[in-house]
Amino acid sequence: MTHRRLMPESERPQTPDLDQLIAEYDCWLLDAYGVLLDDAGALPGAVDLLRRLDAAGKPWLVVTNSASRLPETLSHDWAAAGIVIDPARILTSGSLLAGYFAAAGLSGARCLFLGPPESRAYVERAGGQPVQPSPAADTEVVVVADQKQVRWPEDLDDTVSLILRRVDAGRPLHLLLCNPDLIYPVAPGRYGFTAGGIASMLEAVIRERYPTRKLGFTRLGKPYPPLFERARERLGSGRLLMVGDQLGTDIQGAVHTGIDSLLVCTGLAPRGDPADWPVRPTWVLPSLAD
C-alpha cells in the first residue's frame with residue numbers, strides 16, 4: 001500500500017483577503033482568460049479588482065499567451081465584453097517575436113506562420129516577411145502563433161514538410177511557439193484546442209525522425225521566462241504578484257521566475273486537494289469576487 005504525503009498546513013496555499021494582497025504587492029500581473037473573462041464576458045470580481053488596483057496606485061499588466069489578436073484588438077473586444085483595458089496594459093506572447101527576431105538577426109527573414117491575419121501582423125511588426133503554408137513554402141523561421149484559421153490537415157502537412165526538408169538539407173531553422181497552452185477555457189465546461197497542441201504534434205514528428213537531435217520550438221509565452229521577464233521590464237521594481245487560473249502556465253511560470261502567485265479557481269484551475277498539485281501557488285481564491 002502506498003501512502004500519500006499530506007502537505008503540512010504551513011505549506012498549503014493560504015486564502016487571502018484581496019485588500020491584504022493589494023496592500024502587500026506593488027505590481028500585478030493578470031492572466032486574461034479564466035481570470036478576468038471568458039467567452040461569455042467579464043468574470044465576477046474582475047472589473048472591481050482593476051478599479052481597486054487603480055485606486056491604490058498599483059501598476060498592473062495583463063499578460064496573455066494570445067498571438068492571434070493585437071493588443072488594440074483585444075482591448076476593443078474586451079470592452080465589448082464589459083471589461084475596459086488600455087492596449088498599453090496588454091502584454092501578449094505575440095509581441096515577444098520582435099525581441100527574438102532582433103536578438104537572432106532575423107530582420108527581413110522569411111517566416112511561415114500559422115494563425116489568423118493578426119498573427120501575420122505580429123510577424124511583420126517583428127521585421128519578418130510572413131509566408132503562409134503551401135507545398136512549396138521554404139522559410140528559415142516557422143512561427144506557430146495560433147490555431148485559428150489553420151487548415152487541418154493541409155497546413156500542418158505543409159509545415160511539417162518544410163521542417164523536415166530543411167533539417168534533412170542541413171539548413172538553418174528557427175521554430176517559435178507564441179502560445180504554449182494546450183487548451184483554453186471557452187465557457188464553464190467547454191474548452192478549445194490551442195497552438196501548443198500543434199507544436200507538440202510537430203515536435204513528436206521531429207523526435208521520431210531525428211532521435212539524437214535537440215530541435216524543438218522556442219516557447220515565448222507562459223510558463224516560460226520571456227513573457228515574465230518582459231513584464232518585469234515594463235513594470236519596473238517592486239514586489240510582483242501573478243494572478244492566474246492554470247497551475248501549468250500562470251503559477252508554474254511565476255514560481256520559476258521567483259514571483260508570488262494567486263491561483264483563482266475559475267477557468268482551468270485544478271480541483272481536489274492542494275497536496276496533490278504539482279506546483280504550489282502562494283495564495284488561492286475561489287474567484288476574484290471572494
# chains A, B, ... in the order shown; residues from 1 in each chain; ligands from 1
>>> residues_around(residues="Val123 of chain A", least_positions_apart="3", cutoff="12 Å", atoms="only C-alpha atoms", output="ChimeraX atom specification")
/A:67-68,70,93-102,106-120,126-132,141-145,176,178
>>> write_last_selection(atoms="N, CA and C atoms", output="CSV table (one decimal), in the first residue's frame")
chain,number,residue,atom,x,y,z
A,67,ALA,N,-1.6,35.3,-29.4
A,67,ALA,CA,-0.8,35.7,-30.6
A,67,ALA,C,-1.7,35.8,-31.8
A,68,SER,N,-3.0,35.8,-31.6
A,68,SER,CA,-4.0,35.8,-32.7
A,68,SER,C,-4.6,37.2,-32.9
A,70,LEU,N,-4.0,41.5,-31.9
A,70,LEU,CA,-3.1,42.5,-31.4
A,70,LEU,C,-3.7,43.2,-30.1
A,93,SER,N,2.1,37.3,-25.9
A,93,SER,CA,3.2,36.5,-26.3
A,93,SER,C,3.6,36.8,-27.7
A,94,GLY,N,2.7,37.2,-28.6
A,94,GLY,CA,3.0,37.5,-30.0
A,94,GLY,C,3.9,38.7,-30.0
A,95,SER,N,3.8,39.6,-29.1
A,95,SER,CA,4.7,40.8,-29.1
A,95,SER,C,6.1,40.5,-28.8
A,96,LEU,N,6.4,39.3,-28.3
A,96,LEU,CA,7.8,38.9,-28.0
A,96,LEU,C,8.5,38.5,-29.2
A,97,LEU,N,7.8,38.3,-30.3
A,97,LEU,CA,8.5,37.9,-31.6
A,97,LEU,C,9.6,39.0,-32.0
A,98,ALA,N,9.2,40.2,-31.7
A,98,ALA,CA,10.1,41.3,-32.1
A,98,ALA,C,11.5,41.2,-31.4
A,99,GLY,N,11.5,40.9,-30.1
A,99,GLY,CA,12.7,40.8,-29.4
A,99,GLY,C,13.5,39.6,-29.9
A,100,TYR,N,12.9,38.5,-30.2
A,100,TYR,CA,13.6,37.3,-30.7
A,100,TYR,C,14.2,37.6,-32.0
A,101,PHE,N,13.4,38.2,-32.9
A,101,PHE,CA,14.0,38.5,-34.3
A,101,PHE,C,15.2,39.4,-34.2
A,102,ALA,N,15.1,40.4,-33.3
A,102,ALA,CA,16.2,41.4,-33.2
A,102,ALA,C,17.4,40.7,-32.6
A,106,LEU,N,17.2,38.3,-37.4
A,106,LEU,CA,16.3,37.8,-38.4
A,106,LEU,C,15.5,38.9,-39.1
A,107,SER,N,15.9,40.1,-39.0
A,107,SER,CA,15.2,41.2,-39.8
A,107,SER,C,15.2,40.9,-41.3
A,108,GLY,N,14.0,40.8,-41.8
A,108,GLY,CA,13.8,40.5,-43.2
A,108,GLY,C,13.7,39.1,-43.6
A,109,ALA,N,13.8,38.2,-42.5
A,109,ALA,CA,13.8,36.8,-42.8
A,109,ALA,C,12.4,36.3,-43.2
A,110,ARG,N,12.3,35.3,-44.1
A,110,ARG,CA,11.0,34.7,-44.5
A,110,ARG,C,10.5,33.9,-43.3
A,111,CYS,N,9.2,34.0,-43.0
A,111,CYS,CA,8.7,33.3,-41.9
A,111,CYS,C,7.3,32.7,-42.2
A,112,LEU,N,7.3,31.4,-42.2
A,112,LEU,CA,6.0,30.7,-42.3
A,112,LEU,C,5.3,30.8,-40.9
A,113,PHE,N,4.0,31.2,-41.0
A,113,PHE,CA,3.3,31.4,-39.7
A,113,PHE,C,1.9,30.6,-39.8
A,114,LEU,N,1.5,30.1,-38.7
A,114,LEU,CA,0.2,29.5,-38.5
A,114,LEU,C,-0.6,30.4,-37.6
A,115,GLY,N,-1.8,30.8,-38.1
A,115,GLY,CA,-2.6,31.7,-37.4
A,115,GLY,C,-3.4,32.6,-38.3
A,116,PRO,N,-4.3,33.5,-37.7
A,116,PRO,CA,-5.1,34.4,-38.5
A,116,PRO,C,-4.3,35.6,-38.9
A,117,PRO,N,-5.0,36.6,-39.6
A,117,PRO,CA,-4.3,37.7,-40.1
A,117,PRO,C,-3.5,38.5,-39.1
A,118,GLU,N,-4.0,38.6,-37.9
A,118,GLU,CA,-3.2,39.4,-36.9
A,118,GLU,C,-2.0,38.7,-36.4
A,119,SER,N,-1.9,37.4,-36.6
A,119,SER,CA,-0.7,36.7,-36.3
A,119,SER,C,0.4,37.1,-37.4
A,120,ARG,N,-0.1,37.3,-38.6
A,120,ARG,CA,0.7,37.8,-39.7
A,120,ARG,C,1.3,39.2,-39.3
A,126,ALA,N,7.6,42.3,-36.1
A,126,ALA,CA,8.9,41.8,-35.7
A,126,ALA,C,10.0,42.0,-36.7
A,127,GLY,N,9.6,42.4,-37.9
A,127,GLY,CA,10.6,42.5,-39.0
A,127,GLY,C,10.7,41.4,-39.9
A,128,GLY,N,9.8,40.4,-39.8
A,128,GLY,CA,9.9,39.2,-40.7
A,128,GLY,C,9.0,39.4,-41.9
A,129,GLN,N,9.2,38.5,-42.9
A,129,GLN,CA,8.4,38.5,-44.1
A,129,GLN,C,7.5,37.3,-44.0
A,130,PRO,N,6.2,37.5,-43.7
A,130,PRO,CA,5.3,36.4,-43.4
A,130,PRO,C,4.9,35.6,-44.7
A,131,VAL,N,4.9,34.3,-44.6
A,131,VAL,CA,4.6,33.4,-45.7
A,131,VAL,C,3.6,32.4,-45.1
A,132,GLN,N,2.5,32.2,-45.9
A,132,GLN,CA,1.5,31.2,-45.5
A,132,GLN,C,1.9,29.8,-45.9
A,141,VAL,N,12.3,30.5,-40.7
A,141,VAL,CA,11.6,30.7,-39.5
A,141,VAL,C,10.2,30.1,-39.6
A,142,VAL,N,9.7,29.3,-38.6
A,142,VAL,CA,8.4,28.8,-38.5
A,142,VAL,C,7.8,29.3,-37.2
A,143,VAL,N,6.7,30.1,-37.3
A,143,VAL,CA,6.0,30.6,-36.1
A,143,VAL,C,4.7,29.9,-35.9
A,144,VAL,N,4.5,29.2,-34.9
A,144,VAL,CA,3.1,28.7,-34.5
A,144,VAL,C,2.5,29.7,-33.6
A,145,ALA,N,1.7,30.5,-34.1
A,145,ALA,CA,1.1,31.6,-33.3
A,145,ALA,C,-0.2,31.3,-32.7
A,176,LEU,N,9.4,28.8,-33.5
A,176,LEU,CA,8.9,29.7,-32.4
A,176,LEU,C,7.5,29.4,-32.1
A,178,CYS,N,4.4,30.9,-29.9
A,178,CYS,CA,4.0,32.0,-29.1
A,178,CYS,C,3.1,31.6,-27.9
>>> closest_atom_pairs(of="segment 150-237 of chain A", to="segment 32-45 of chain A", cutoff="10 Å", atoms="only C-alpha atoms", output="CSV")
residue,atom,partner,partner_atom,distance
A:Tyr184,CA,A:Tyr33,CA,7.7
A:Pro185,CA,A:Gly34,CA,6.4
A:Val186,CA,A:Asp39,CA,5.5
A:Ala187,CA,A:Asp39,CA,6.1
A:Pro188,CA,A:Asp38,CA,8.8
>>> select_by_dssp(residues="segment 46-269 of chain A", states="alpha helix (DSSP H)", output="PyMOL selection string")
chain A and resi 46-55+71-80+97-104+117-126+154-168+195-209+225-235+252-256
>>> write_last_selection(atoms="C-alpha atoms", output="short mmCIF file (atom, residue, chain, number, x, y, z; two decimals), in the first residue's frame")
data_model
loop_
_atom_site.label_atom_id
_atom_site.label_comp_id
_atom_site.auth_asym_id
_atom_site.auth_seq_id
_atom_site.Cartn_x
_atom_site.Cartn_y
_atom_site.Cartn_z
CA ALA A 46 -12.66 41.26 -12.40
CA VAL A 47 -13.80 44.81 -13.11
CA ASP A 48 -13.83 45.66 -9.40
CA LEU A 49 -10.26 44.36 -8.92
CA LEU A 50 -8.90 46.56 -11.71
CA ARG A 51 -10.73 49.56 -10.25
CA ARG A 52 -9.26 48.87 -6.81
CA LEU A 53 -5.73 48.47 -8.18
CA ASP A 54 -6.01 51.81 -9.98
CA ALA A 55 -7.40 53.48 -6.87
CA PRO A 71 -3.34 44.43 -28.08
CA GLU A 72 -5.56 47.08 -29.65
CA THR A 73 -7.93 44.40 -30.93
CA LEU A 74 -8.01 42.63 -27.57
CA SER A 75 -8.79 45.93 -25.87
CA HIS A 76 -11.69 46.57 -28.23
CA ASP A 77 -13.10 43.07 -27.88
CA TRP A 78 -12.80 43.02 -24.10
CA ALA A 79 -14.55 46.38 -23.84
CA ALA A 80 -17.48 44.86 -25.72
CA LEU A 97 8.55 37.90 -31.57
CA ALA A 98 10.12 41.33 -32.11
CA GLY A 99 12.72 40.79 -29.40
CA TYR A 100 13.58 37.30 -30.67
CA PHE A 101 13.95 38.47 -34.27
CA ALA A 102 16.19 41.35 -33.20
CA ALA A 103 18.41 39.16 -30.99
CA ALA A 104 18.74 36.47 -33.67
CA PRO A 117 -4.31 37.74 -40.12
CA GLU A 118 -3.24 39.45 -36.90
CA SER A 119 -0.67 36.70 -36.33
CA ARG A 120 0.74 37.83 -39.65
CA ALA A 121 0.81 41.38 -38.27
CA TYR A 122 2.92 40.23 -35.30
CA VAL A 123 5.46 38.73 -37.74
CA GLU A 124 5.51 41.96 -39.75
CA ARG A 125 5.98 44.07 -36.62
CA ALA A 126 8.90 41.81 -35.68
CA GLU A 154 -3.31 20.75 -45.09
CA ASP A 155 -1.41 23.50 -43.25
CA LEU A 156 0.12 21.01 -40.84
CA ASP A 157 1.24 18.81 -43.74
CA ASP A 158 2.90 21.80 -45.41
CA THR A 159 4.56 22.91 -42.17
CA VAL A 160 5.98 19.54 -41.20
CA SER A 161 7.20 19.02 -44.77
CA LEU A 162 9.06 22.34 -44.70
CA ILE A 163 10.66 21.47 -41.36
CA LEU A 164 11.83 18.04 -42.50
CA ARG A 165 13.14 19.32 -45.83
CA ARG A 166 15.27 21.98 -44.19
CA VAL A 167 16.61 19.73 -41.46
CA ASP A 168 17.41 16.96 -43.97
CA ALA A 195 -1.34 26.37 -30.68
CA GLY A 196 0.67 24.48 -28.07
CA GLY A 197 -1.00 21.27 -29.17
CA ILE A 198 0.01 21.91 -32.78
CA ALA A 199 3.64 22.50 -31.81
CA SER A 200 3.62 19.35 -29.67
CA MET A 201 2.49 17.30 -32.66
CA LEU A 202 5.23 18.76 -34.85
CA GLU A 203 7.84 18.09 -32.17
CA ALA A 204 6.68 14.49 -31.87
CA VAL A 205 7.49 14.03 -35.57
CA ILE A 206 10.88 15.70 -35.15
CA ARG A 207 11.79 13.44 -32.20
CA GLU A 208 10.74 10.34 -34.11
CA ARG A 209 12.73 11.27 -37.22
CA PRO A 225 10.60 33.08 -18.85
CA PRO A 226 10.40 35.53 -21.81
CA LEU A 227 6.90 36.86 -21.04
CA PHE A 228 7.64 37.26 -17.32
CA GLU A 229 10.99 38.93 -17.99
CA ARG A 230 9.41 41.42 -20.37
CA ALA A 231 6.67 42.14 -17.82
CA ARG A 232 9.30 42.88 -15.18
CA GLU A 233 10.96 45.34 -17.55
CA ARG A 234 7.64 47.06 -18.22
CA LEU A 235 6.56 47.39 -14.59
CA GLN A 252 4.48 27.43 -12.67
CA GLY A 253 5.87 30.35 -14.66
CA ALA A 254 5.63 32.63 -11.64
CA VAL A 255 7.28 30.08 -9.35
CA HIS A 256 10.16 29.52 -11.76
#
>>> select_by_dssp(residues="segment 69-193 of chain A", states="strand (DSSP E)", output="VMD selection string")
chain A and resid 90 to 92 110 to 114 129 to 131 141 to 144 174 to 177 183 to 187 190 to 193
>>> closest_residue(among="A:Gly216, A:Gly258, A:Pro274, A:Pro281", to="Val243 of chain A", atoms="only C-alpha atoms")
A:Pro281
>>> residues_around(residues="segment 245-251 of chain A", least_positions_apart="5", cutoff="9 Å", atoms="only C-alpha atoms", output="compact mmCIF listing (two decimals) with all heavy atoms, in the first residue's frame")
# COMPACT_ATOMS: atom_id res chain seq x y z
N LEU A 30 -1.72 39.89 -14.49
CA LEU A 30 -3.04 39.27 -14.52
C LEU A 30 -3.20 38.47 -15.80
O LEU A 30 -3.01 39.00 -16.91
CB LEU A 30 -4.13 40.33 -14.45
CG LEU A 30 -4.07 41.26 -13.23
CD1 LEU A 30 -4.78 42.57 -13.53
CD2 LEU A 30 -4.68 40.59 -12.01
N ASP A 31 -3.54 37.20 -15.66
CA ASP A 31 -3.94 36.43 -16.82
C ASP A 31 -5.28 36.96 -17.31
O ASP A 31 -6.04 37.57 -16.55
CB ASP A 31 -4.04 34.95 -16.45
CG ASP A 31 -4.35 34.07 -17.65
OD1 ASP A 31 -3.84 34.37 -18.75
OD2 ASP A 31 -5.11 33.11 -17.50
N TYR A 33 -7.90 35.16 -19.92
CA TYR A 33 -8.98 34.17 -19.99
C TYR A 33 -8.92 33.23 -18.79
O TYR A 33 -7.88 32.67 -18.48
CB TYR A 33 -8.92 33.40 -21.30
CG TYR A 33 -9.43 34.23 -22.45
CD1 TYR A 33 -8.58 35.00 -23.22
CD2 TYR A 33 -10.80 34.28 -22.73
CE1 TYR A 33 -9.06 35.79 -24.24
CE2 TYR A 33 -11.29 35.06 -23.75
CZ TYR A 33 -10.42 35.82 -24.50
OH TYR A 33 -10.89 36.62 -25.51
N GLY A 34 -10.06 33.10 -18.14
CA GLY A 34 -10.15 32.27 -16.95
C GLY A 34 -9.96 33.04 -15.67
O GLY A 34 -10.27 32.54 -14.59
N VAL A 35 -9.43 34.27 -15.76
CA VAL A 35 -9.25 35.13 -14.59
C VAL A 35 -10.11 36.38 -14.70
O VAL A 35 -10.93 36.67 -13.84
CB VAL A 35 -7.76 35.51 -14.40
CG1 VAL A 35 -7.60 36.55 -13.30
CG2 VAL A 35 -6.94 34.27 -14.08
N PRO A 180 2.14 28.48 -25.63
CA PRO A 180 2.39 27.08 -25.27
C PRO A 180 1.16 26.36 -24.70
O PRO A 180 1.22 25.15 -24.48
CB PRO A 180 3.48 27.17 -24.19
CG PRO A 180 4.04 28.54 -24.30
CD PRO A 180 2.91 29.39 -24.77
N ASP A 181 0.06 27.08 -24.43
CA ASP A 181 -1.14 26.43 -23.88
C ASP A 181 -1.59 25.30 -24.80
O ASP A 181 -1.56 25.41 -26.03
CB ASP A 181 -2.29 27.41 -23.75
CG ASP A 181 -2.08 28.43 -22.65
OD1 ASP A 181 -1.13 28.26 -21.86
OD2 ASP A 181 -2.87 29.39 -22.57
N GLY A 221 5.61 32.21 -24.58
CA GLY A 221 4.55 32.53 -23.62
C GLY A 221 4.71 31.78 -22.30
O GLY A 221 5.66 31.02 -22.09
N LYS A 222 3.77 32.03 -21.40
CA LYS A 222 3.76 31.34 -20.10
C LYS A 222 3.68 29.83 -20.29
O LYS A 222 3.01 29.38 -21.19
CB LYS A 222 2.55 31.81 -19.28
CG LYS A 222 2.53 33.30 -18.98
CD LYS A 222 1.21 33.69 -18.31
CE LYS A 222 0.05 33.60 -19.28
NZ LYS A 222 -1.24 34.04 -18.70
N PRO A 223 4.39 29.03 -19.49
CA PRO A 223 5.12 29.37 -18.26
C PRO A 223 6.59 29.69 -18.47
O PRO A 223 7.36 29.70 -17.50
CB PRO A 223 5.00 28.08 -17.45
CG PRO A 223 5.10 27.00 -18.49
CD PRO A 223 4.34 27.56 -19.69
N TYR A 224 7.02 29.96 -19.68
CA TYR A 224 8.43 30.13 -19.96
C TYR A 224 8.86 31.57 -19.64
O TYR A 224 8.03 32.49 -19.61
CB TYR A 224 8.72 29.73 -21.41
CG TYR A 224 8.40 28.27 -21.60
CD1 TYR A 224 7.13 27.86 -22.01
CD2 TYR A 224 9.34 27.29 -21.28
CE1 TYR A 224 6.82 26.51 -22.11
CE2 TYR A 224 9.04 25.94 -21.39
CZ TYR A 224 7.77 25.56 -21.81
OH TYR A 224 7.46 24.23 -21.89
N HIS A 256 8.84 29.68 -11.17
CA HIS A 256 10.16 29.52 -11.76
C HIS A 256 10.91 30.85 -11.92
O HIS A 256 12.13 30.86 -12.08
CB HIS A 256 10.04 28.83 -13.12
CG HIS A 256 9.76 27.36 -13.00
ND1 HIS A 256 9.49 26.56 -14.08
CD2 HIS A 256 9.71 26.55 -11.91
CE1 HIS A 256 9.28 25.32 -13.66
NE2 HIS A 256 9.41 25.29 -12.36
N ILE A 259 8.33 34.80 -8.61
CA ILE A 259 7.21 35.71 -8.40
C ILE A 259 6.14 35.01 -7.58
O ILE A 259 5.80 33.87 -7.85
CB ILE A 259 6.63 36.17 -9.76
CG1 ILE A 259 7.69 36.92 -10.58
CG2 ILE A 259 5.39 37.03 -9.57
CD1 ILE A 259 7.26 37.22 -11.99
N ASP A 260 5.60 35.69 -6.58
CA ASP A 260 4.48 35.14 -5.82
C ASP A 260 3.27 35.01 -6.74
O ASP A 260 3.15 35.73 -7.75
CB ASP A 260 4.13 36.02 -4.63
CG ASP A 260 5.12 35.86 -3.48
OD1 ASP A 260 6.07 35.07 -3.61
OD2 ASP A 260 4.93 36.53 -2.45
N SER A 261 2.36 34.10 -6.38
CA SER A 261 1.23 33.82 -7.28
C SER A 261 -0.07 33.62 -6.52
O SER A 261 -0.08 33.12 -5.39
CB SER A 261 1.52 32.57 -8.13
OG SER A 261 1.75 31.45 -7.30
N LEU A 262 -1.14 34.01 -7.17
CA LEU A 262 -2.50 33.80 -6.67
C LEU A 262 -3.24 32.95 -7.69
O LEU A 262 -3.40 33.35 -8.84
CB LEU A 262 -3.23 35.13 -6.49
CG LEU A 262 -4.75 35.07 -6.26
CD1 LEU A 262 -5.07 34.34 -4.96
CD2 LEU A 262 -5.35 36.48 -6.26
N LEU A 263 -3.67 31.76 -7.28
CA LEU A 263 -4.48 30.90 -8.14
C LEU A 263 -5.95 31.22 -7.89
O LEU A 263 -6.44 31.11 -6.77
CB LEU A 263 -4.22 29.43 -7.84
CG LEU A 263 -5.05 28.45 -8.66
CD1 LEU A 263 -4.55 28.38 -10.10
CD2 LEU A 263 -5.03 27.05 -8.04
N VAL A 264 -6.63 31.62 -8.96
CA VAL A 264 -8.07 31.87 -8.90
C VAL A 264 -8.77 30.64 -9.48
O VAL A 264 -8.47 30.23 -10.61
CB VAL A 264 -8.45 33.15 -9.68
CG1 VAL A 264 -9.94 33.40 -9.59
CG2 VAL A 264 -7.67 34.34 -9.13
N CYS A 265 -9.69 30.06 -8.71
CA CYS A 265 -10.27 28.77 -9.10
C CYS A 265 -11.43 28.92 -10.07
O CYS A 265 -12.54 28.41 -9.86
CB CYS A 265 -10.70 27.99 -7.86
SG CYS A 265 -9.29 27.53 -6.82
N THR A 266 -11.18 29.68 -11.11
CA THR A 266 -12.08 29.77 -12.26
C THR A 266 -11.31 29.27 -13.46
O THR A 266 -10.14 28.92 -13.36
CB THR A 266 -12.54 31.22 -12.46
OG1 THR A 266 -11.40 32.10 -12.43
CG2 THR A 266 -13.51 31.66 -11.35
N GLY A 267 -11.92 29.23 -14.64
CA GLY A 267 -11.18 28.81 -15.82
C GLY A 267 -10.69 27.39 -15.72
O GLY A 267 -11.46 26.45 -15.52
N LEU A 268 -9.37 27.18 -15.82
CA LEU A 268 -8.77 25.85 -15.84
C LEU A 268 -8.07 25.49 -14.54
O LEU A 268 -7.17 24.66 -14.52
CB LEU A 268 -7.77 25.76 -17.00
CG LEU A 268 -8.37 25.84 -18.40
CD1 LEU A 268 -7.28 25.88 -19.45
CD2 LEU A 268 -9.32 24.68 -18.66
N ALA A 269 -8.48 26.10 -13.44
CA ALA A 269 -7.88 25.79 -12.14
C ALA A 269 -8.10 24.33 -11.79
O ALA A 269 -9.14 23.75 -12.13
CB ALA A 269 -8.47 26.69 -11.06
N PRO A 270 -7.11 23.71 -11.11
CA PRO A 270 -7.25 22.29 -10.74
C PRO A 270 -8.30 22.12 -9.64
O PRO A 270 -8.61 23.05 -8.90
CB PRO A 270 -5.86 21.92 -10.23
CG PRO A 270 -5.32 23.22 -9.70
CD PRO A 270 -5.85 24.28 -10.61
N TRP A 277 -1.34 18.82 -5.93
CA TRP A 277 -0.95 19.71 -7.03
C TRP A 277 0.55 19.65 -7.24
O TRP A 277 1.33 19.67 -6.28
CB TRP A 277 -1.36 21.14 -6.72
CG TRP A 277 -2.84 21.35 -6.64
CD1 TRP A 277 -3.83 20.45 -6.95
CD2 TRP A 277 -3.50 22.54 -6.19
NE1 TRP A 277 -5.07 21.01 -6.73
CE2 TRP A 277 -4.90 22.29 -6.27
CE3 TRP A 277 -3.08 23.79 -5.76
CZ2 TRP A 277 -5.86 23.23 -5.92
CZ3 TRP A 277 -4.02 24.75 -5.40
CH2 TRP A 277 -5.38 24.47 -5.49
N PRO A 278 1.00 19.62 -8.49
CA PRO A 278 2.44 19.56 -8.75
C PRO A 278 3.16 20.88 -8.50
O PRO A 278 4.39 20.90 -8.36
CB PRO A 278 2.52 19.16 -10.22
CG PRO A 278 1.23 19.66 -10.81
CD PRO A 278 0.21 19.52 -9.73
N VAL A 279 2.42 21.98 -8.49
CA VAL A 279 3.00 23.31 -8.27
C VAL A 279 2.18 23.98 -7.17
O VAL A 279 0.95 23.87 -7.15
CB VAL A 279 2.97 24.16 -9.55
CG1 VAL A 279 3.60 25.53 -9.30
CG2 VAL A 279 3.70 23.46 -10.69
N ARG A 280 2.85 24.68 -6.28
CA ARG A 280 2.16 25.30 -5.15
C ARG A 280 2.09 26.81 -5.34
O ARG A 280 3.11 27.50 -5.33
CB ARG A 280 2.89 24.98 -3.85
CG ARG A 280 2.28 25.65 -2.62
CD ARG A 280 3.11 25.33 -1.39
NE ARG A 280 2.61 26.01 -0.20
CZ ARG A 280 2.98 27.22 0.19
NH1 ARG A 280 3.85 27.90 -0.53
NH2 ARG A 280 2.49 27.76 1.29
N PRO A 281 0.88 27.37 -5.51
CA PRO A 281 0.75 28.83 -5.52
C PRO A 281 0.93 29.39 -4.12
O PRO A 281 0.79 28.68 -3.12
CB PRO A 281 -0.68 29.04 -6.02
CG PRO A 281 -1.41 27.81 -5.60
CD PRO A 281 -0.41 26.69 -5.67
N THR A 282 1.22 30.68 -4.05
CA THR A 282 1.34 31.33 -2.75
C THR A 282 -0.03 31.48 -2.09
O THR A 282 -0.17 31.29 -0.88
CB THR A 282 1.97 32.73 -2.91
OG1 THR A 282 3.11 32.64 -3.77
CG2 THR A 282 2.38 33.30 -1.57
>>> closest_residue(among="A:Ala136, A:Leu21, A:Ile90, A:Leu288", to="Asn65 of chain A", atoms="only C-alpha atoms")
A:Ile90
>>> atom_distance(atom1="atom CA of Ile83 of chain A", atom2="atom CA of Val63 of chain A")
15.2 Å
>>> atom_distance(atom1="atom CA of Gly57 of chain A", atom2="atom CA of Ala23 of chain A")
10.4 Å
>>> closest_residue(among="A:Trp283, A:Arg219, A:Gly189, A:Val84", to="Leu177 of chain A", atoms="only C-alpha atoms")
A:Arg219
